[in-house]
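Take a look at the structure below.
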Amino acid sequence: MKKFLDDPKQFVPQMLEGLALANPDTLVYVPEYNLIQRADSPSVDRVSIVQGSGSGHEPAHVMNVGKGMLSAACPGDVFAAPPVDYVYETVKRLASPRGVLLLVNNYTGDRMAFEMAEELSVADGINVRTLFVDDDVSVQDSLYTVGRRGVAGNFFVMKAVGAAAEAGADLEELVRIGEKVNAVTRSMGVALTACTPPSKGSPLFDLAGDEIELGVGIHGEPGRERAKIAPASELVDTLLDALVTDLPFSSGDRVALMVNGLGGTPISELYLLYGIAHKRLAAQGITVGRNYIGEYCTSLDMAGASLTLVRLDEEIEDLLAAPAEVPIRVF
Amino acid sequence: MKKFLDDPKQFVPQMLEGLALANPDTLVYVPEYNLIQRADSPSVDRVSIVQGSGSGHEPAHVMNVGKGMLSAACPGDVFAAPPVDYVYETVKRLASPRGVLLLVNNYTGDRMAFEMAEELSVADGINVRTLFVDDDVSVQDSLYTVGRRGVAGNFFVMKAVGAAAEAGADLEELVRIGEKVNAVTRSMGVALTACTPPSKGSPLFDLAGDEIELGVGIHGEPGRERAKIAPASELVDTLLDALVTDLPFSSGDRVALMVNGLGGTPISELYLLYGIAHKRLAAQGITVGRNYIGEYCTSLDMAGASLTLVRLDEEIEDLLAAPAEVPIRVF
Amino acid sequence: MTAVAAQSVRFIVESIARTAVDNEQEFGDLDAVVGDGDFGFSLARGFEKVLEDIDAYPTDDPGSFLQGVAMTISSRIGGTSGPIWGTAFLRAAMVAKGRDALTAQDAVEMLRASVAGIQARGKAELGDKTLLDALVPAIDELERAAADGGRSSEIIDRIAVATRSAAEATSSLQAMRGRASYSGARSIGSPDAGAIALAVIAERLALEWPKSPAVSE
Amino acid sequence: MTAVAAQSVRFIVESIARTAVDNEQEFGDLDAVVGDGDFGFSLARGFEKVLEDIDAYPTDDPGSFLQGVAMTISSRIGGTSGPIWGTAFLRAAMVAKGRDALTAQDAVEMLRASVAGIQARGKAELGDKTLLDALVPAIDELERAAADGGRSSEIIDRIAVATRSAAEATSSLQAMRGRASYSGARSIGSPDAGAIALAVIAERLALEWPKSPAVSE
Ligand SMILES: Nc1ncnc2c1ncn2[C@@H]1O[C@H](COP(=O)(O)OP(=O)(O)O)[C@@H](O)[C@H]1O
Ligand SMILES: Nc1ncnc2c1ncn2[C@@H]1O[C@H](COP(=O)(O)OP(=O)(O)O)[C@@H](O)[C@H]1O
Ligand SMILES: [Mg+2]
Ligand SMILES: [Mg+2]
Ligand SMILES: [Mg+2]
Ligand SMILES: [Mg+2]
């Protein structure tokens with residue numbers, strides 16, 4: 001394994017410390033709970049929005065903490081949901097009279113930690129609601145009993161509820177908006193290489209030189225099938241077919257299209273995929289109203305990409321277009 | 001080789017097409033010359049700023065075209081300076097009565113193409129000036145006759161002259177600013193893995209499982225030495241020592257610190273490096289006034305990172321802080 | 001009596017904890033086969049803390065002691081394992097609370113409570129390819145061995161054998177819970193990481209048992 | 001006479017162009033050893049276009065024909081090779097312009113002009129480990145062979161041998177120009193990509209020469 005690393009156990013803490021040092025005016029870091037929070041949260045005027053999830057998906061979610069998005073994130077270690085205590089402590093610290101919204105990607109460990117924390121917080125009299133994101137079409141709900149996974153599409157849920165919270169929406173309204181966005185969001189990814197967790201020190205799975213994993217999860221979990229590498233145009237067709245037929249999206253729809261890099265794929269390739277996908281959708285009468293090209297939810301250093309489609313309406317589009325200020329930026 | 005690719009020959013055109021489709025209102029794409037230009041350029045009120053360079057360094061430079069940065073970029077193929085004609089044609093199209101500033105990273109091919117294009121354009125009566133960027137301390141000016149290379153630090157030159165041009169500065173003033181920023185900018189990188197050019201189909205060089213290349217160039221050229229992988233803290237020390245002693249930077253300096261990913265390294269590791277570097281500099285009395293963490297100038301899918309330091313003064317800091325609107329964004 | 005019971009419980013917890021710490025890499029690799037590879041790391045970080053805090057847990061009563069362990073686990077272990085193992089220790093603690101001595105029957109009762117807690121939390125059924133598929137057969141064997149009579153070291157040896165064979169048998173199951181479930185049919189052919197961890201724990205415990213206070217007593 | 005000269009020049013250019021296209025991978029790999037690997041791709045894209053446009057270049061005069069080639073190269077080849085090869089063809093074209101027939105002495109004059117152009121552009125000296133270290137010995141041999149008298153096919157065979165040995169000899173040099181120069185002492189031990197390309201070009205030309213219009217004439 002070759003990584004910028006001192007000690008696998010310090011990987012997450014050192015990364016979070018770097019994040020905090022880079023944003024001294026806007027973020028506060030509480031090492032005991034891997035907690036990164038907005039310096040101006042909780043606010044009596046604003047519902048607090050909290051994400052947990054495992055680490056290894058950066059910029060998700062710690063680098064999405066800021067005005068117009070998350071109030072706080074308390075990630076677990078790499079690919080591990082945070083311990084219950086991290087979440088509970090975070091909720092207590094972020095408790096606003098307007099309430100706390102928990103955003104959870106739909107995985108067993110995350111569900112359990114957040115549900116336990118919610119129970120404990122409610123018992124403390126805190127007004128908490130939990131919202132599950134499950135945008136990944138790779139996993140068929142009917143076949144597997146844990147349900148769909150939450151992947152890169154969670155960005156749109158975060159962005160929409162974040163914008164609404166910033167504008168003063170109440171907790172019920174945020175739940176409505178989040179559920180609505182999640183319901184029209186579909187994602188699917190493909191891995192070209194495996195990722196290497198720092199503590200494991202070797203690739204999480206084996207992919208031969210000409211193999212890809214279609215429908216890979218953001219923790220390197222397997223997806224729909226192991227396939228042979230194909231031209232980019234064919235891969236885009238495969239992913240888009242799965243997304244479009246799932247919701248389904250149809251001619252006349254206006255969508256947001258995200259081409260998300262999984263960590264090891266350069267942005268040049270993501271733009272190449274975008275061009276192909278944009279034209280394929282146009283050919284089906286689907287208009288890309290907003291585009292998102294870059295890394296939003298990664299799987300450490302995995303080479304690969306995911307596509308996400310969101311069906312837009314005026315409300316969603318306005319929320320996505322609202323300004324936000326998070327650590328990820330060019331300037 | 002596993003990449004998102006249809007055909008190596010179409011790699012750059014397809015990427016540029018994607019970029020253009022993603023920014024239909026702000027960018028214009030001229031396929032014959034790999035030209036990406038601001039839709040509102042040339043402007044009679046503003047000096048045009050043009051970058052060339054090879055492809056494979058994205059987001060540099062095509063994704064830095066926009067308000068407050070570049071007026072246009074006309075990249076060559078992967079790691080190849082653009083043909084003279086691309087540059088000449090671009091200058092003609094971008095010719096503004098206020099003049100055209102050419103930004104060139106200091107490499108033989110780039111120098112020649114831009115110098116020839118400048119000669120041709122001047123003969124046409126266009127007011128052109130050329131500015132060379134050479135921030136890479138890995139290459140000793142005295143030892144090698146082609147001089148230092150231009151690497152990730154070119155971002156700061158682009159950003160500063162872009163902001164000044166937007167504010168109406170004239171060509172002479174931009175040359176002054178650009179030279180000034182270049183003179184206080186120092187970079188050095190380290191590769192953990194080699195990159196794979198699409199047309200080559202295999203890694204550009206061999207690095208053993210425990211080897212790194214210190215001072216690597218952004219085209220995979222070798223650097224100062226082949227070394228063994230070391231803890232992140234040690235690598236940061238090595239890079240910072242080279243930068244700090246070169247200018248030199250000294251106690252009391254206020255700097256911009258960039259941690260630039262070379263393409264295959266996840267942002268989590270870049271933040272880890274940032275935290276270490278920030279603290280090391282602080283211990284030397286050097287204050288990080290602005291930070292830049294992410295991918296700015298890559299080498300395809302190479303895992304690795306570079307550090308850049310810029311000594312700030314009020315003028316430079318104001319120019320860096322000025323707003324800009326380029327394709328690279330989260331929203 | 002109580003102090004000795006607490007001492008035995010402490011002995012068992014220390015053995016489990018050292019097993020988790022020593023097998024970090026192995027357990028992680030097992031989870032990597034069809035899961036996400038974090039199981040070893042998660043367990044090791046939690047039980048490392050248990051070993052660190054162990055002198056601070058109350059020893060006057062095995063229940064209080066186990067509750068301390070459960071708290072450390074909940075605060076330190078992430079992923080699915082945190083809630084699962086935390087709940088398991090907490091439920092066992094609740095049963096043990098206030099009991100003077102702990103017999104094999106008490107152990108059965110405690111572990112059955114753990115199973116119920118794990119199922120309430122994680123909604124897994126037997127056969128879903130989780131650690132339950134090793135834990136339940138282990139408890140069954142404990143119950144049988146205790147009924148058969150015999151020394152504690154014989155009982156624990158039988159448990160180790162039963163846990164190992166049940167854990168290995170998970171290979172033929174398809175994962176229906178946890179990250180491994182996304183592999184679908186591909187999860188067949190390799191054993192469940194959590195189940196194997198229990199087998200390794202039981203085997204190490206059997207090996208160390210002669211040194212336990214319960215035996216020397 | 002002029003038409004035949006232009007035909008010969010076209011024959012040579014086509015041979016060079018096919019060599020560049022056919023050896024894209026090899027030339028790229030050579031450049032990858034200590035450079036950035038784009039040399040083969042750059043050359044192939046440019047000469048592919050030369051082959052495509054070749055019927056459109058004026059054939060009434062070898063100079064105009066070569067100027068057409070130079071223009072295509074400048075418009076298509078990027079990297080260092082575009083300006084270097086474009087300048088080389090352009091300078092040769094300038095010398096050839098208006099000449100009725102092209103003798104071996106004309107060829108020497110044209111190629112010396114190319115060398116001067118390349119040096120004006122790229123500022124490389126002999127020994128800097130560039131294609132000049134193969135090109136200049138090749139011209140020297142051409143001049144000697146022409147002075148010795150003999151058939152054109154003998155001359156070109158001697159050039160091929162001289163170019164190859166000069167190209168191989170660049171292995172012992174340290175690169176002082178182009179991307180390879182950043183390797184410093186590490187560039188010693190492998191030959192320069194541009195120099196080897198010239199050797200391959202000369203060898204292929206020697207092989208194909210019997211079919212050239214200059215011979216059948
Ligand atoms: N719903 C569940 N109920 C009980 N045990 C489970 C459940 N899901 C997973 N497990 C157990 O947890 C182990 C994996 O733990 P861990 O790696 O921490 O979880 P994660 O799936 O969140 O990465 C599995 O090997 C299995 O034995
Ligand atoms: N300054 C120079 N003058 C003449 N030839 C040069 C010079 N620099 C490089 N070359 C030749 O160009 C070849 C590399 O070409 P190419 O790969 O296109 O250039 P780049 O270095 O820009 O990638 C080298 O092998 C060498 O023969
Ligand atoms: Mg996990
Ligand atoms: Mg090049
Ligand atoms: Mg796991
Ligand atoms: Mg080259």
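Naming scheme: A, B, ... for chains in displayed order of the structure tokens; residues 1 onward per chain; ligands 1 onward as shown.
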### Message
Which residues are near Ser233 (chain B)? Cut-off 8 Å, only C-alpha atoms, ignore same chain within fewer than 5 positions. Put them as a list in words.
### Response
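Answer for this query is Leu5 and Asp6 of chain A; Leu273 and Ile276 of chain B.
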### Task
Using only C-alpha atoms, select each residue of chain C with any atom at most 6 Å away from an atom of chain A, and give the selection as a count of residues only.
12
Put chain A on top of chain B with a least-squares fit on all C-alpha atoms, paired in order, and send it back as a short mmCIF file (atom, residue, chain, number, x, y, z; two decimals) with C-alpha atoms, in the first residue's frame.
data_model
loop_
_atom_site.label_atom_id
_atom_site.label_comp_id
_atom_site.auth_asym_id
_atom_site.auth_seq_id
_atom_site.Cartn_x
_atom_site.Cartn_y
_atom_site.Cartn_z
CA MET A 1 -5.21 -0.15 -18.81
CA LYS A 2 -8.66 0.47 -17.34
CA LYS A 3 -10.00 3.90 -18.11
CA PHE A 4 -13.26 5.46 -19.16
CA LEU A 5 -12.32 5.69 -22.78
CA ASP A 6 -13.73 5.02 -26.23
CA ASP A 7 -10.62 5.63 -28.32
CA PRO A 8 -7.34 7.18 -27.18
CA LYS A 9 -7.40 9.55 -30.16
CA GLN A 10 -10.79 10.87 -29.05
CA PHE A 11 -9.87 11.22 -25.38
CA VAL A 12 -9.16 14.96 -25.43
CA PRO A 13 -11.95 15.90 -27.89
CA GLN A 14 -14.55 13.90 -25.92
CA MET A 15 -13.43 15.43 -22.66
CA LEU A 16 -13.63 18.93 -24.13
CA GLU A 17 -17.04 18.20 -25.60
CA GLY A 18 -18.24 17.12 -22.16
CA LEU A 19 -16.89 20.33 -20.70
CA ALA A 20 -18.67 22.40 -23.32
CA LEU A 21 -21.96 20.54 -22.90
CA ALA A 22 -21.74 21.08 -19.15
CA ASN A 23 -21.27 24.83 -19.54
CA PRO A 24 -23.38 25.84 -22.52
CA ASP A 25 -23.99 29.41 -21.39
CA THR A 26 -20.49 30.38 -20.44
CA LEU A 27 -18.11 28.43 -22.69
CA VAL A 28 -17.63 28.04 -26.42
CA TYR A 29 -15.80 25.04 -27.84
CA VAL A 30 -13.94 25.09 -31.15
CA PRO A 31 -13.00 21.47 -31.88
CA GLU A 32 -10.49 22.22 -34.66
CA TYR A 33 -8.13 23.83 -32.16
CA ASN A 34 -9.04 22.11 -28.89
CA LEU A 35 -10.17 25.59 -27.97
CA ILE A 36 -12.34 26.29 -24.94
CA GLN A 37 -13.12 29.97 -24.59
CA ARG A 38 -15.31 32.24 -22.54
CA ALA A 39 -18.48 32.99 -24.44
CA ASP A 40 -18.02 36.66 -23.52
CA SER A 41 -14.45 36.91 -24.80
CA PRO A 42 -12.74 38.70 -26.40
CA SER A 43 -13.97 41.86 -24.75
CA VAL A 44 -12.94 45.38 -25.70
CA ASP A 45 -12.71 46.14 -21.99
CA ARG A 46 -10.47 43.34 -20.92
CA VAL A 47 -7.10 41.85 -21.78
CA SER A 48 -7.58 38.25 -22.92
CA ILE A 49 -5.65 35.60 -21.02
CA VAL A 50 -4.74 32.38 -22.81
CA GLN A 51 -3.18 29.14 -21.56
CA GLY A 52 -2.10 26.19 -23.66
CA SER A 53 -0.18 23.32 -22.18
CA GLY A 54 -0.73 19.64 -22.79
CA SER A 55 -3.86 17.82 -21.69
CA GLY A 56 -3.86 15.37 -18.81
CA HIS A 57 -3.56 18.01 -16.10
CA GLU A 58 -7.26 18.68 -15.64
CA PRO A 59 -8.76 20.76 -14.14
CA ALA A 60 -5.76 22.72 -15.47
CA HIS A 61 -6.27 24.53 -17.72
CA VAL A 62 -9.48 24.08 -19.67
CA MET A 63 -11.60 23.96 -16.53
CA ASN A 64 -10.13 27.25 -15.36
CA VAL A 65 -11.66 29.16 -18.23
CA GLY A 66 -14.24 31.59 -16.93
CA LYS A 67 -14.88 34.93 -15.32
CA GLY A 68 -11.90 36.02 -13.27
CA MET A 69 -9.49 33.45 -14.65
CA LEU A 70 -8.65 32.38 -18.21
CA SER A 71 -10.31 33.76 -21.32
CA ALA A 72 -9.36 30.63 -23.24
CA ALA A 73 -7.30 27.46 -23.21
CA CYS A 74 -6.11 25.49 -26.25
CA PRO A 75 -4.49 22.35 -24.87
CA GLY A 76 -2.49 19.94 -26.93
CA ASP A 77 -2.95 16.22 -26.66
CA VAL A 78 -2.06 14.37 -23.49
CA PHE A 79 1.29 15.73 -22.24
CA ALA A 80 1.99 17.41 -25.56
CA ALA A 81 2.13 21.17 -25.99
CA PRO A 82 -0.45 22.37 -28.52
CA PRO A 83 0.59 22.68 -32.16
CA VAL A 84 1.64 26.19 -33.12
CA ASP A 85 -1.51 26.59 -35.18
CA TYR A 86 -3.78 26.01 -32.21
CA VAL A 87 -2.10 28.78 -30.30
CA TYR A 88 -1.92 31.18 -33.22
CA GLU A 89 -5.56 30.62 -34.10
CA THR A 90 -6.55 31.06 -30.46
CA VAL A 91 -4.68 34.33 -30.18
CA LYS A 92 -6.34 35.63 -33.33
CA ARG A 93 -9.78 34.71 -32.02
CA LEU A 94 -9.12 36.18 -28.58
CA ALA A 95 -7.44 39.34 -29.86
CA SER A 96 -8.74 42.24 -27.78
CA PRO A 97 -7.80 45.87 -28.33
CA ARG A 98 -6.46 45.71 -24.78
CA GLY A 99 -4.12 42.90 -25.75
CA VAL A 100 -3.55 39.20 -25.15
CA LEU A 101 -1.52 37.66 -22.36
CA LEU A 102 -0.13 34.17 -22.98
CA LEU A 103 0.58 32.05 -19.91
CA VAL A 104 3.07 29.29 -20.56
CA ASN A 105 4.43 26.63 -18.28
CA ASN A 106 8.15 26.46 -18.88
CA TYR A 107 8.71 23.42 -21.09
CA THR A 108 10.57 23.24 -24.38
CA GLY A 109 7.55 22.31 -26.48
CA ASP A 110 5.27 24.89 -24.91
CA ARG A 111 7.86 27.66 -25.16
CA MET A 112 8.44 26.96 -28.83
CA ALA A 113 4.77 26.78 -29.77
CA PHE A 114 3.90 29.97 -27.91
CA GLU A 115 6.93 31.88 -29.07
CA MET A 116 6.21 30.99 -32.69
CA ALA A 117 2.56 31.93 -32.24
CA GLU A 118 3.54 35.18 -30.60
CA GLU A 119 5.81 36.06 -33.53
CA LEU A 120 3.04 35.32 -36.01
CA SER A 121 0.46 37.31 -33.99
CA VAL A 122 2.69 40.29 -33.51
CA ALA A 123 3.24 40.32 -37.26
CA ASP A 124 -0.56 40.52 -37.54
CA GLY A 125 -0.51 43.61 -35.34
CA ILE A 126 -1.91 41.95 -32.23
CA ASN A 127 -0.64 43.21 -28.89
CA VAL A 128 0.69 40.01 -27.24
CA ARG A 129 2.85 39.36 -24.22
CA THR A 130 4.03 35.99 -22.96
CA LEU A 131 4.63 35.03 -19.36
CA PHE A 132 6.48 31.88 -18.32
CA VAL A 133 5.69 30.04 -15.12
CA ASP A 134 8.47 28.02 -13.49
CA ASP A 135 7.60 27.24 -9.89
CA ASP A 136 8.96 23.69 -9.56
CA VAL A 137 11.96 23.55 -7.25
CA SER A 138 12.66 19.89 -8.09
CA VAL A 139 14.60 20.89 -11.14
CA GLN A 140 17.68 22.93 -10.40
CA ASP A 141 18.03 25.79 -12.79
CA SER A 142 21.79 25.62 -12.78
CA LEU A 143 22.06 21.91 -13.46
CA TYR A 144 19.63 21.55 -16.33
CA THR A 145 19.63 23.83 -19.24
CA VAL A 146 15.91 23.99 -19.90
CA GLY A 147 15.21 25.58 -16.54
CA ARG A 148 12.56 25.01 -13.95
CA ARG A 149 9.22 23.51 -14.85
CA GLY A 150 5.85 25.12 -14.41
CA VAL A 151 3.58 22.97 -12.26
CA ALA A 152 0.63 23.47 -9.89
CA GLY A 153 1.78 26.96 -8.86
CA ASN A 154 0.58 28.22 -12.22
CA PHE A 155 -2.87 28.28 -10.60
CA PHE A 156 -1.86 31.31 -8.55
CA VAL A 157 -0.50 33.17 -11.57
CA MET A 158 -3.72 32.45 -13.50
CA LYS A 159 -5.88 33.47 -10.59
CA ALA A 160 -4.02 36.71 -9.90
CA VAL A 161 -3.78 37.95 -13.48
CA GLY A 162 -7.34 36.77 -14.11
CA ALA A 163 -8.65 38.84 -11.23
CA ALA A 164 -6.64 41.86 -12.32
CA ALA A 165 -7.78 41.57 -15.94
CA GLU A 166 -11.38 41.31 -14.80
CA ALA A 167 -10.84 44.54 -12.85
CA GLY A 168 -9.55 46.25 -15.99
CA ALA A 169 -5.78 46.15 -15.58
CA ASP A 170 -3.77 46.71 -18.75
CA LEU A 171 -1.37 44.25 -20.36
CA GLU A 172 1.79 45.72 -18.82
CA GLU A 173 0.22 45.61 -15.39
CA LEU A 174 -0.75 41.95 -15.90
CA VAL A 175 2.78 41.07 -16.88
CA ARG A 176 4.06 42.80 -13.75
CA ILE A 177 1.57 40.97 -11.54
CA GLY A 178 2.16 37.59 -13.16
CA GLU A 179 5.93 37.87 -12.88
CA LYS A 180 5.59 38.98 -9.29
CA VAL A 181 3.39 36.03 -8.31
CA ASN A 182 5.58 33.57 -10.18
CA ALA A 183 8.63 34.95 -8.38
CA VAL A 184 7.20 34.15 -4.93
CA THR A 185 5.67 30.77 -5.81
CA ARG A 186 7.43 27.45 -5.19
CA SER A 187 6.17 23.90 -5.72
CA MET A 188 7.36 20.34 -5.39
CA GLY A 189 5.57 17.05 -5.86
CA VAL A 190 5.91 13.40 -5.04
CA ALA A 191 4.52 10.44 -6.98
CA LEU A 192 3.31 7.29 -5.28
CA THR A 193 2.39 5.60 -8.57
CA ALA A 194 2.99 6.24 -12.25
CA CYS A 195 0.29 7.60 -14.55
CA THR A 196 -1.05 5.80 -17.61
CA PRO A 197 -1.46 7.93 -20.76
CA PRO A 198 -4.50 6.70 -22.73
CA SER A 199 -2.54 6.30 -25.95
CA LYS A 200 0.25 4.36 -24.28
CA GLY A 201 -2.05 2.05 -22.36
CA SER A 202 0.47 1.15 -19.69
CA PRO A 203 2.14 3.04 -16.83
CA LEU A 204 4.63 5.66 -17.96
CA PHE A 205 7.30 4.46 -15.56
CA ASP A 206 7.84 1.71 -13.03
CA LEU A 207 7.66 2.34 -9.33
CA ALA A 208 8.10 -0.65 -7.06
CA GLY A 209 5.52 -1.30 -4.34
CA ASP A 210 7.55 0.63 -1.78
CA GLU A 211 9.05 3.29 -4.03
CA ILE A 212 8.14 6.91 -4.62
CA GLU A 213 9.49 9.56 -6.99
CA LEU A 214 10.43 12.74 -5.14
CA GLY A 215 10.14 15.87 -7.24
CA VAL A 216 8.14 14.19 -9.99
CA GLY A 217 7.02 16.34 -12.92
CA ILE A 218 3.40 16.64 -13.95
CA HIS A 219 4.12 14.59 -17.06
CA GLY A 220 5.55 11.75 -15.05
CA GLU A 221 9.08 12.98 -15.67
CA PRO A 222 11.49 11.87 -12.99
CA GLY A 223 12.38 14.26 -10.22
CA ARG A 224 15.11 14.57 -7.65
CA GLU A 225 15.33 11.00 -6.57
CA ARG A 226 13.69 7.64 -6.36
CA ALA A 227 13.13 6.98 -2.66
CA LYS A 228 11.38 4.58 -0.32
CA ILE A 229 7.86 5.35 0.82
CA ALA A 230 7.92 7.11 4.20
CA PRO A 231 5.30 8.27 6.69
CA ALA A 232 3.29 11.26 5.52
CA SER A 233 4.89 13.51 8.13
CA GLU A 234 8.34 12.79 6.77
CA LEU A 235 7.28 13.38 3.19
CA VAL A 236 5.77 16.72 4.16
CA ASP A 237 9.03 17.66 5.88
CA THR A 238 11.03 16.79 2.77
CA LEU A 239 8.79 18.79 0.46
CA LEU A 240 8.47 21.78 2.77
CA ASP A 241 12.21 21.91 3.41
CA ALA A 242 12.83 22.09 -0.32
CA LEU A 243 10.26 24.85 -0.75
CA VAL A 244 11.07 26.92 2.30
CA THR A 245 14.82 26.99 1.75
CA ASP A 246 14.46 27.74 -1.95
CA LEU A 247 12.75 31.14 -1.97
CA PRO A 248 13.50 31.24 1.02
CA PHE A 249 10.38 31.66 3.12
CA SER A 250 11.03 32.84 6.62
CA SER A 251 9.45 33.37 10.01
CA GLY A 252 6.84 36.09 9.84
CA ASP A 253 5.85 35.26 6.27
CA ARG A 254 2.20 34.89 5.42
CA VAL A 255 1.63 32.32 2.70
CA ALA A 256 -0.91 30.53 0.58
CA LEU A 257 -0.46 26.77 0.91
CA MET A 258 -1.74 24.45 -1.79
CA VAL A 259 -1.96 20.70 -1.36
CA ASN A 260 -2.57 19.54 -4.90
CA GLY A 261 -3.63 16.00 -5.73
CA LEU A 262 -1.97 14.50 -8.80
CA GLY A 263 -5.10 12.62 -9.86
CA GLY A 264 -5.27 9.28 -8.11
CA THR A 265 -4.93 10.36 -4.49
CA PRO A 266 -8.19 10.86 -2.56
CA ILE A 267 -8.96 14.18 -0.94
CA SER A 268 -8.90 12.59 2.51
CA GLU A 269 -5.15 12.10 2.14
CA LEU A 270 -4.72 15.66 0.88
CA TYR A 271 -6.39 17.03 4.02
CA LEU A 272 -4.18 14.79 6.12
CA LEU A 273 -1.13 16.31 4.38
CA TYR A 274 -2.56 19.79 4.84
CA GLY A 275 -2.88 19.37 8.60
CA ILE A 276 0.71 18.22 8.91
CA ALA A 277 2.06 20.97 6.64
CA HIS A 278 0.04 23.70 8.35
CA LYS A 279 1.47 22.76 11.73
CA ARG A 280 5.03 22.42 10.43
CA LEU A 281 4.87 25.89 8.91
CA ALA A 282 3.31 27.35 12.05
CA ALA A 283 6.21 25.89 14.03
CA GLN A 284 8.55 27.88 11.77
CA GLY A 285 6.59 31.09 12.27
CA ILE A 286 5.03 30.92 8.81
CA THR A 287 1.30 31.62 8.77
CA VAL A 288 -0.99 29.98 6.25
CA GLY A 289 -3.26 32.84 5.24
CA ARG A 290 -5.06 30.99 2.47
CA ASN A 291 -5.29 27.30 1.73
CA TYR A 292 -6.05 25.30 -1.39
CA ILE A 293 -6.69 21.60 -0.96
CA GLY A 294 -7.81 19.45 -3.86
CA GLU A 295 -6.90 18.82 -7.46
CA TYR A 296 -5.61 21.82 -9.37
CA CYS A 297 -2.99 20.43 -11.71
CA THR A 298 -2.90 16.68 -12.13
CA SER A 299 -0.96 14.08 -14.01
CA LEU A 300 -3.79 11.88 -15.28
CA ASP A 301 -4.39 9.12 -12.73
CA MET A 302 -1.09 9.41 -10.88
CA ALA A 303 -1.31 8.90 -7.12
CA GLY A 304 0.68 11.59 -5.41
CA ALA A 305 0.57 15.20 -4.36
CA SER A 306 2.44 18.45 -4.63
CA LEU A 307 2.81 21.28 -2.18
CA THR A 308 2.93 24.89 -3.29
CA LEU A 309 3.78 27.93 -1.21
CA VAL A 310 3.13 31.50 -2.28
CA ARG A 311 4.42 34.42 -0.22
CA LEU A 312 1.46 36.74 0.18
CA ASP A 313 1.31 40.48 0.32
CA GLU A 314 -1.81 42.59 0.31
CA GLU A 315 -1.95 42.91 -3.46
CA ILE A 316 -1.58 39.19 -4.12
CA GLU A 317 -3.99 38.22 -1.38
CA ASP A 318 -6.68 40.55 -2.70
CA LEU A 319 -6.32 39.12 -6.19
CA LEU A 320 -6.51 35.55 -4.91
CA ALA A 321 -9.58 36.38 -2.84
CA ALA A 322 -11.46 37.97 -5.74
CA PRO A 323 -14.41 35.94 -6.98
CA ALA A 324 -14.15 33.80 -10.09
CA GLU A 325 -16.52 31.53 -11.94
CA VAL A 326 -15.01 28.49 -13.60
CA PRO A 327 -16.41 25.04 -14.45
CA ILE A 328 -14.83 23.40 -11.40
CA ARG A 329 -17.34 23.76 -8.64
CA VAL A 330 -19.43 21.69 -6.27
CA PHE A 331 -22.73 23.31 -7.10
#
### Task
Provide the CA of Gly189 (chain C) to CA of Ser172 (chain C) distance in Å, to one decimal place.
5.7 Å
### Task
Just list the residues in region 33-145 of chain B DSSP gives strand (DSSP E or B) on the backbone, as a PyMOL selection string.
chain B and resi 35-38+43+46+48-51+55+65+67+70+72-73+78+100-105+128-133+136
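Proximity of D:Met71, D:Ala44, D:Val161, D:Leu126 to Asn23 (chain D), computed with only C-alpha atoms, is greatest for D:Ala44.
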### Query
What lies within 10 Å of Ala180 (chain D) using only C-alpha atoms, ignoring chain neighbours under 3 positions off, as JSON, numbers by chain?
{"B": [221, 222], "D": [31, 32, 33, 34, 35, 36, 129, 130, 174, 175, 176, 177, 183, 184, 186, 187, 192, 193]}
### Message
As an exercise, work out the distance from CA of Pro58 (chain D) to CA of Ile12 (chain D) in Å and give it to one decimal place.
### Response
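If I compute the distance from CA of Pro58 (chain D) to CA of Ile12 (chain D), I get 15.5 Å.
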